[in-house]
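The next block is input_2.cif, given as mmCIF, C-alpha atoms and all ligand atoms.
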data_target
#
loop_
_atom_site.label_atom_id
_atom_site.label_comp_id
_atom_site.auth_asym_id
_atom_site.auth_seq_id
_atom_site.Cartn_x
_atom_site.Cartn_y
_atom_site.Cartn_z
CA MET C 1 26.30 -3.01 -12.16
CA ASN C 2 25.81 -6.17 -10.08
CA GLU C 3 24.16 -4.79 -6.98
CA ILE C 4 21.38 -2.33 -6.33
CA LYS C 5 19.93 -0.86 -3.15
CA ILE C 6 16.36 0.32 -3.27
CA PHE C 7 13.73 2.07 -1.19
CA SER C 8 10.39 0.33 -1.45
CA PRO C 9 7.64 2.58 -0.08
CA ALA C 10 4.61 1.94 2.09
CA THR C 11 1.24 2.54 0.44
CA VAL C 12 -2.39 3.12 1.34
CA ALA C 13 -4.89 0.96 -0.52
CA ASN C 14 -8.67 1.33 -0.98
CA VAL C 15 -8.69 5.09 -0.13
CA ALA C 16 -12.24 5.01 1.30
CA CYS C 17 -14.54 4.31 -1.67
CA GLY C 18 -11.93 2.60 -3.89
CA TYR C 19 -11.83 -0.92 -2.44
CA ASP C 20 -9.26 -3.06 -4.27
CA VAL C 21 -8.67 -0.51 -7.04
CA LEU C 22 -7.34 2.81 -5.70
CA GLY C 23 -4.11 3.40 -3.78
CA PHE C 24 -1.49 6.03 -3.06
CA CYS C 25 2.18 6.02 -2.18
CA LEU C 26 3.82 7.29 1.03
CA ASP C 27 7.32 8.66 1.41
CA ALA C 28 7.75 8.69 5.18
CA VAL C 29 8.06 4.95 5.60
CA GLY C 30 9.31 2.06 3.52
CA ASP C 31 11.62 -0.96 3.34
CA GLU C 32 15.13 -1.10 1.97
CA MET C 33 16.27 -4.00 -0.13
CA LEU C 34 19.54 -5.00 -1.68
CA ILE C 35 19.43 -7.11 -4.82
CA ARG C 36 22.62 -8.75 -6.06
CA LYS C 37 23.22 -10.46 -9.39
CA VAL C 38 25.28 -13.65 -8.95
CA ASP C 39 26.59 -16.41 -11.25
CA LYS C 40 24.82 -19.22 -9.43
CA LYS C 41 21.34 -19.64 -10.85
CA GLY C 42 18.24 -19.31 -8.69
CA ILE C 43 16.82 -16.85 -6.15
CA LEU C 44 18.27 -16.83 -2.66
CA ILE C 45 17.14 -14.69 0.28
CA THR C 46 20.34 -14.13 2.22
CA LYS C 47 19.36 -11.60 4.87
CA ILE C 48 16.17 -10.37 6.58
CA GLU C 49 16.28 -7.70 9.25
CA GLY C 50 13.45 -5.94 11.08
CA PHE C 51 10.83 -8.66 11.31
CA GLU C 52 10.83 -12.45 11.29
CA LEU C 53 9.91 -13.65 7.84
CA PRO C 54 10.63 -16.90 6.02
CA PHE C 55 13.98 -17.27 4.25
CA LYS C 56 12.71 -20.01 1.97
CA THR C 57 12.18 -18.36 -1.41
CA GLU C 58 8.86 -20.08 -2.13
CA LEU C 59 7.46 -18.97 1.25
CA ASN C 60 8.62 -15.36 1.12
CA VAL C 61 6.56 -12.69 -0.67
CA ALA C 62 9.67 -11.08 -2.21
CA GLY C 63 10.91 -14.54 -3.19
CA VAL C 64 7.66 -15.57 -4.87
CA SER C 65 7.41 -12.44 -7.01
CA ALA C 66 11.11 -12.75 -7.88
CA LEU C 67 10.55 -16.37 -8.94
CA ALA C 68 7.59 -15.38 -11.13
CA MET C 69 9.80 -12.97 -13.08
CA TYR C 70 12.84 -15.27 -13.04
CA GLU C 71 10.93 -18.23 -14.45
CA LYS C 72 9.44 -16.13 -17.23
CA LEU C 73 12.71 -14.49 -18.25
CA GLN C 74 15.10 -17.37 -17.51
CA PRO C 75 18.19 -15.18 -17.28
CA ASP C 76 21.68 -16.68 -17.34
CA CYS C 77 22.40 -15.71 -13.71
CA GLY C 78 20.91 -15.83 -10.24
CA PHE C 79 19.97 -13.25 -7.59
CA GLU C 80 20.50 -12.77 -3.88
CA ILE C 81 18.04 -10.64 -1.93
CA GLU C 82 18.61 -8.80 1.34
CA ILE C 83 15.51 -7.37 3.02
CA TYR C 84 15.66 -4.58 5.59
CA LYS C 85 12.06 -4.42 6.69
CA ASN C 86 10.66 -1.29 8.31
CA ILE C 87 6.99 -1.82 7.47
CA LYS C 88 5.45 -4.18 9.98
CA PRO C 89 3.63 -7.12 8.36
CA GLY C 90 -0.12 -6.88 8.92
CA SER C 91 -0.02 -3.12 9.47
CA GLY C 92 -2.29 -2.13 6.57
CA ILE C 93 0.25 0.08 4.82
CA GLY C 94 1.37 -2.35 2.17
CA SER C 95 4.10 -4.34 3.90
CA SER C 96 3.78 -7.37 1.60
CA ALA C 97 3.46 -5.12 -1.46
CA ALA C 98 6.73 -3.35 -0.63
CA SER C 99 8.52 -6.69 -0.45
CA ALA C 100 6.81 -8.00 -3.59
CA VAL C 101 7.71 -5.02 -5.77
CA GLY C 102 11.19 -4.57 -4.30
CA SER C 103 12.63 -7.82 -5.60
CA VAL C 104 11.26 -7.51 -9.13
CA PHE C 105 12.10 -3.81 -9.44
CA GLY C 106 15.70 -4.49 -8.35
CA MET C 107 16.17 -7.55 -10.61
CA ASN C 108 14.66 -5.68 -13.54
CA ALA C 109 17.06 -2.76 -13.07
CA LEU C 110 20.06 -5.11 -12.89
CA LEU C 111 18.96 -6.83 -16.11
CA GLY C 112 18.66 -3.58 -18.10
CA SER C 113 14.89 -3.08 -17.58
CA PRO C 114 13.33 -5.70 -19.87
CA TYR C 115 9.92 -5.13 -18.23
CA ASN C 116 7.71 -2.07 -17.78
CA LYS C 117 6.00 -1.19 -14.49
CA THR C 118 2.72 -2.87 -15.40
CA GLU C 119 4.56 -6.11 -16.17
CA LEU C 120 6.47 -5.82 -12.88
CA THR C 121 3.14 -5.37 -11.08
CA GLN C 122 1.93 -8.59 -12.70
CA PHE C 123 4.90 -10.54 -11.28
CA ALA C 124 4.54 -8.86 -7.89
CA MET C 125 0.87 -9.93 -7.73
CA LYS C 126 2.10 -13.51 -7.29
CA GLY C 127 3.98 -12.49 -4.14
CA GLU C 128 1.08 -10.38 -2.85
CA ALA C 129 -1.23 -13.36 -3.35
CA LEU C 130 0.92 -15.43 -0.99
CA ALA C 131 0.25 -12.93 1.79
CA SER C 132 -3.42 -12.13 1.24
CA LYS C 133 -4.64 -15.33 -0.46
CA CYS C 134 -5.91 -13.44 -3.49
CA GLU C 135 -4.42 -11.36 -6.28
CA HIS C 136 -4.93 -7.64 -5.92
CA ALA C 137 -2.74 -4.76 -7.03
CA ASP C 138 -3.96 -1.66 -5.20
CA ASN C 139 -0.83 -1.51 -3.00
CA LEU C 140 1.59 -2.81 -5.64
CA ALA C 141 0.69 -0.25 -8.30
CA PRO C 142 1.22 2.90 -6.19
CA ALA C 143 4.45 1.42 -4.77
CA LEU C 144 5.81 0.97 -8.31
CA PHE C 145 4.32 4.00 -10.09
CA GLY C 146 4.10 6.47 -7.17
CA GLY C 147 1.25 8.95 -6.60
CA PHE C 148 -2.33 7.71 -6.87
CA THR C 149 -3.04 4.72 -9.08
CA LEU C 150 -6.25 3.12 -10.23
CA VAL C 151 -6.24 -0.58 -11.10
CA LYS C 152 -8.76 -0.49 -13.92
CA SER C 153 -8.67 -4.24 -14.43
CA LEU C 154 -6.65 -7.22 -13.26
CA SER C 155 -7.07 -9.34 -16.35
CA PRO C 156 -5.68 -7.93 -18.52
CA LEU C 157 -3.81 -5.82 -15.98
CA GLU C 158 -4.43 -2.13 -16.64
CA ILE C 159 -3.17 0.60 -14.33
CA LEU C 160 -4.02 4.29 -14.59
CA GLU C 161 -1.90 7.00 -12.99
CA ILE C 162 -4.08 9.63 -11.30
CA PRO C 163 -2.64 13.08 -10.55
CA SER C 164 -2.10 14.13 -6.97
CA PRO C 165 -2.65 17.74 -5.80
CA ASP C 166 0.66 19.34 -4.73
CA ASN C 167 -0.35 20.14 -1.20
CA LEU C 168 -1.90 16.82 -0.28
CA TYR C 169 -0.56 15.04 2.82
CA ALA C 170 -1.51 11.86 4.62
CA THR C 171 -1.45 11.27 8.36
CA ILE C 172 -1.39 7.59 9.25
CA ILE C 173 -1.85 6.04 12.66
CA HIS C 174 -0.70 2.46 13.00
CA PRO C 175 -2.02 0.80 16.16
CA GLN C 176 0.38 -2.00 17.01
CA ILE C 177 -2.04 -4.85 16.53
CA GLU C 178 -1.94 -7.21 13.57
CA ILE C 179 -4.85 -7.74 11.20
CA LYS C 180 -4.20 -10.29 8.48
CA THR C 181 -5.51 -9.17 5.08
CA ALA C 182 -6.95 -12.64 4.46
CA ASP C 183 -8.98 -12.43 7.71
CA SER C 184 -10.11 -8.90 7.01
CA ARG C 185 -11.31 -9.92 3.53
CA ALA C 186 -13.11 -12.96 4.91
CA ILE C 187 -15.52 -10.84 7.00
CA LEU C 188 -16.78 -8.82 4.02
CA PRO C 189 -20.20 -9.54 2.53
CA LYS C 190 -20.21 -11.29 -0.86
CA GLU C 191 -22.99 -9.08 -2.19
CA VAL C 192 -23.81 -5.39 -1.82
CA LYS C 193 -27.11 -3.53 -1.97
CA LEU C 194 -27.77 -1.53 -5.12
CA GLN C 195 -28.39 1.65 -3.10
CA GLU C 196 -25.00 1.30 -1.41
CA ALA C 197 -23.30 0.64 -4.73
CA ILE C 198 -24.83 3.80 -6.21
CA VAL C 199 -23.50 5.91 -3.35
CA GLN C 200 -20.10 4.24 -3.65
CA TRP C 201 -19.56 4.78 -7.37
CA ALA C 202 -20.82 8.37 -7.15
CA ASN C 203 -18.23 9.03 -4.43
CA PHE C 204 -15.51 7.16 -6.30
CA GLY C 205 -16.05 9.07 -9.54
CA SER C 206 -16.13 12.33 -7.61
CA LEU C 207 -12.93 11.47 -5.74
CA ILE C 208 -11.09 10.80 -9.00
CA HIS C 209 -12.46 14.06 -10.44
CA SER C 210 -11.31 15.95 -7.34
CA LEU C 211 -7.78 14.60 -7.75
CA HIS C 212 -7.71 15.69 -11.38
CA THR C 213 -9.00 19.17 -10.60
CA ASN C 214 -7.27 19.89 -7.23
CA ASN C 215 -10.72 20.27 -5.75
CA TYR C 216 -10.18 19.71 -2.02
CA GLN C 217 -13.80 20.48 -1.10
CA LEU C 218 -15.08 17.82 -3.50
CA MET C 219 -12.42 15.43 -2.18
CA LYS C 220 -13.76 16.01 1.34
CA ARG C 221 -17.32 15.25 0.20
CA SER C 222 -16.18 12.10 -1.64
CA LEU C 223 -13.93 10.34 0.88
CA HIS C 224 -16.66 8.04 2.21
CA ASP C 225 -17.08 4.31 2.13
CA ALA C 226 -20.59 2.90 2.27
CA ILE C 227 -19.57 -0.74 1.80
CA ILE C 228 -16.35 -1.88 3.48
CA GLU C 229 -15.80 0.46 6.44
CA PRO C 230 -18.92 -0.59 8.40
CA HIS C 231 -17.58 -4.17 8.57
CA ARG C 232 -13.84 -3.70 8.95
CA SER C 233 -13.93 -0.77 11.37
CA LYS C 234 -15.15 -3.20 14.04
CA LEU C 235 -11.71 -4.85 13.97
CA ILE C 236 -9.90 -1.61 14.85
CA PRO C 237 -9.99 -0.44 18.48
CA PHE C 238 -11.14 3.20 18.90
CA TYR C 239 -11.69 3.62 15.16
CA LYS C 240 -14.72 5.91 15.56
CA GLU C 241 -12.93 8.10 18.09
CA VAL C 242 -9.85 8.47 15.87
CA LYS C 243 -11.96 9.31 12.85
CA GLN C 244 -13.98 11.93 14.73
CA ALA C 245 -10.85 13.53 16.21
CA ALA C 246 -9.16 13.67 12.79
CA LEU C 247 -12.19 15.22 11.10
CA ASN C 248 -12.57 17.74 13.92
CA ALA C 249 -8.91 18.68 13.44
CA GLY C 250 -9.52 19.43 9.77
CA ALA C 251 -8.85 16.21 7.85
CA LEU C 252 -10.50 16.03 4.43
CA GLY C 253 -11.37 12.42 5.10
CA THR C 254 -10.37 9.56 7.37
CA ASN C 255 -10.70 5.88 6.67
CA ILE C 256 -9.12 2.45 7.01
CA SER C 257 -5.75 2.06 5.32
CA GLY C 258 -5.80 -1.13 3.27
CA SER C 259 -7.21 -3.92 5.37
CA GLY C 260 -6.27 -2.17 8.65
CA PRO C 261 -5.44 -1.67 11.43
CA SER C 262 -3.79 1.53 10.17
CA ILE C 263 -6.09 4.51 9.69
CA PHE C 264 -5.26 7.24 7.17
CA SER C 265 -6.40 10.84 6.94
CA LEU C 266 -5.92 12.96 3.86
CA CYS C 267 -5.16 16.60 4.65
CA LYS C 268 -4.64 19.85 2.78
CA GLY C 269 -1.17 21.00 3.81
CA ILE C 270 1.40 19.94 6.38
CA GLU C 271 -0.05 22.17 9.12
CA ILE C 272 -3.43 20.42 9.10
CA ALA C 273 -1.71 17.01 8.76
CA THR C 274 0.26 17.85 11.92
CA MET C 275 -2.87 19.01 13.80
CA VAL C 276 -4.59 15.76 12.80
CA SER C 277 -1.57 13.82 14.05
CA ASP C 278 -1.75 15.62 17.43
CA ALA C 279 -5.50 15.01 17.72
CA ILE C 280 -5.37 11.28 17.02
CA LYS C 281 -2.29 10.87 19.21
CA LYS C 282 -4.36 12.24 22.09
CA VAL C 283 -7.07 9.64 21.46
CA TYR C 284 -4.67 6.71 21.35
CA LEU C 285 -2.43 7.76 24.25
CA SER C 286 -5.27 7.03 26.66
CA THR C 287 -5.96 3.53 25.27
CA GLY C 288 -2.80 1.74 26.37
CA ILE C 289 -2.35 0.38 22.83
CA LYS C 290 1.06 1.11 21.32
CA PHE C 291 1.02 3.02 18.04
CA ASP C 292 3.12 4.85 15.44
CA ILE C 293 2.08 7.95 13.55
CA HIS C 294 3.47 8.99 10.18
CA ILE C 295 2.93 12.23 8.32
CA SER C 296 3.75 11.90 4.66
CA LYS C 297 3.45 13.93 1.51
CA ILE C 298 2.02 11.86 -1.33
CA ASN C 299 5.11 10.26 -2.86
CA ILE C 300 4.80 10.79 -6.58
CA GLU C 301 8.06 8.99 -7.38
CA GLY C 302 7.33 5.57 -5.91
CA ILE C 303 10.01 2.90 -5.54
CA LYS C 304 13.51 4.20 -6.17
CA VAL C 305 17.18 3.31 -6.33
CA LEU C 306 19.14 4.61 -3.33
N1 LIG M 401 -7.50 -3.96 -1.18
C1 LIG M 401 -6.89 -4.84 -0.23
C2 LIG M 401 -7.87 -5.11 0.88
C3 LIG M 401 -5.66 -4.18 0.32
O1 LIG M 401 -8.43 -4.15 1.39
O2 LIG M 401 -8.09 -6.26 1.22
C4 LIG M 401 -4.96 -5.02 1.33
O3 LIG M 401 -3.82 -4.37 1.77
#

Whole structure, C-alpha cells version:
Amino acid sequence: MNEIKIFSPATVANVACGYDVLGFCLDAVGDEMLIRKVDKKGILITKIEGFELPFKTELNVAGVSALAMYEKLQPDCGFEIEIYKNIKPGSGIGSSAASAVGSVFGMNALLGSPYNKTELTQFAMKGEALASKCEHADNLAPALFGGFTLVKSLSPLEILEIPSPDNLYATIIHPQIEIKTADSRAILPKEVKLQEAIVQWANFGSLIHSLHTNNYQLMKRSLHDAIIEPHRSKLIPFYKEVKQAALNAGALGTNISGSGPSIFSLCKGIEIATMVSDAIKKVYLSTGIKFDIHISKINIEGIKVL
C-alpha cells in the first residue's frame, strides 16, 4: 500500500472545566487527507483545498508534525500530503489538530504502524505548537483516540481514554469569525484564586465520574467553568444569549469550544440536540453574523482510514 486516504475529525477541547486537558471527538465534521509514500526523500505538501494555508512544509501544521515523525524514524522513502480542509482555521473545533494528526496517522499506517497513538500525539504536538504557540494535546488526543480523552500529563505524555455515554450528542455553533488560539490564550490570567480552583476541580472530578457512570444529571451539574469562560466569552458575540437559549432548550451544559469562537452544548439524545440547534439558530439569525451549526454524536472511533 503506497497511498492512504483518511478522515481526520474535528474535536472540542476544554469541555467547560477541563481547560487544556479534556476533549472529545466529533463525527459530523472533519478534514480529508491523502498521504502518499514516494521514493524521493522528504515531506512535500502537494495539494491544499478548502482554505489558504502554507505549502511550505516547515510552515504548515501537517508538515511540521510529519517532519517530527520523519526525522525521528528516518525512513528510506518520502511522503506527499494532500489536504482537503473542511474545518475552518481559527474556528475552535480543532482545525490545526486535525491537520497535525492526519499526516502522522497516515504516514504511520503506510509504514506498518511503528508508533502507538500516544507517540503519534507527541509528534502532532509539534504541529499544534506552530498554530497556537504552545504545546497542548487536548484536541490532538480525542482526534486520534476518539471519544473523550484526558491528557493527564504532557511530560511524559500520558493520555487516558474516558468512556462516553451512548446517547450523548453535541450541538456546535460556529460563528464565522476567527479567534486565534494564541490570542485567546494571551488574555487569560496567569494565576487563579484558590476558591475558583476548588470549584473547578470539584466540577472536573464530577464530570469525569458522570462520564464513567452515565450520570447525565451529574454531568449537567458539573459542566461549569469558573476560570476560563469569564475571560474568553467576551470575545464571542452573543455568547450569553446562545448559552441561555441552549440551556432553556434542554442542553446539559453549554460552553466555549476550545479557544472559541465555536460554542458547544452537550445533550442527552438527538431530539434535544436538535431542539438546542433550533434555539441557538434563532439567536444567531438576528445578529447578521454568518454561522454553521453541527449536530454530532460523540465519535468514539476518532481518525480513520476511508
Ligand atoms: N486548550 C486549548 C485552549 C485548545 O483552550 O487554548 C485550543 O484549541

Could I get the residue neighbourhood of ligand LIG 401 (chain M) at 7 Å, counting all atoms listed in the file, as a tab-separated table (two decimals) with C-alpha atoms, keeping the file's coordinate frame?
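And here's part.tsv as it stands now:
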chain	number	residue	atom	x	y	z
C	13	ALA	CA	-4.89	0.96	-0.52
C	14	ASN	CA	-8.67	1.33	-0.98
C	19	TYR	CA	-11.83	-0.92	-2.44
C	20	ASP	CA	-9.26	-3.06	-4.27
C	21	VAL	CA	-8.67	-0.51	-7.04
C	92	GLY	CA	-2.29	-2.13	6.57
C	93	ILE	CA	0.25	0.08	4.82
C	94	GLY	CA	1.37	-2.35	2.17
C	136	HIS	CA	-4.93	-7.64	-5.92
C	138	ASP	CA	-3.96	-1.66	-5.20
C	139	ASN	CA	-0.83	-1.51	-3.00
C	181	THR	CA	-5.51	-9.17	5.08
C	184	SER	CA	-10.11	-8.90	7.01
C	185	ARG	CA	-11.31	-9.92	3.53
C	258	GLY	CA	-5.80	-1.13	3.27
C	259	SER	CA	-7.21	-3.92	5.37

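Going from atom CA of C:Glu161 to atom CA of C:Pro142 covers 8.5 Å.
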
> Counting all atoms listed in the file, which of C:Leu247, C:Cys17, C:Ile87, C:Val29 gets nearest to C:Ala273?
Replying inline: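 Between C:Leu247, C:Cys17, C:Ile87, C:Val29, the residue approaching C:Ala273 most closely is C:Leu247.
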
> Nearest to C:Pro54 among C:Ile208, C:Ile187, C:Val276, C:Ile83, with distances taken over all atoms listed in the file: which residue is it?
Replying inline: C:Ile83

>> At a cut-off of 6 Å, using all atoms listed in the file, what residues contact stretch 286-301 of chain C? Leave out same-chain residues fewer than 6 positions from it and give the result as a PyMOL selection string.
In response: chain C and resi 25-28+146-147+169-176

>> Would you pick out the contacts of C:Glu178 at 9 Å or less, using all atoms listed in the file, so that residues sharing its chain but fewer than 6 positions from it are not included, and give the list as a ChimeraX atom specification?
In response: /C:88-92,260-261

Please dump the current selection as a PDB file, in the frame of the given file; keep C-alpha atoms.
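Dumped to again-v6.pdb:
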ATOM      1  CA  LYS C  88       5.450  -4.180   9.980  1.00  0.00           C
ATOM      2  CA  PRO C  89       3.630  -7.120   8.360  1.00  0.00           C
ATOM      3  CA  GLY C  90      -0.120  -6.880   8.920  1.00  0.00           C
ATOM      4  CA  SER C  91      -0.020  -3.120   9.470  1.00  0.00           C
ATOM      5  CA  GLY C  92      -2.290  -2.130   6.570  1.00  0.00           C
ATOM      6  CA  GLY C 260      -6.270  -2.170   8.650  1.00  0.00           C
ATOM      7  CA  PRO C 261      -5.440  -1.670  11.430  1.00  0.00           C
TER       8      PRO C 261
END
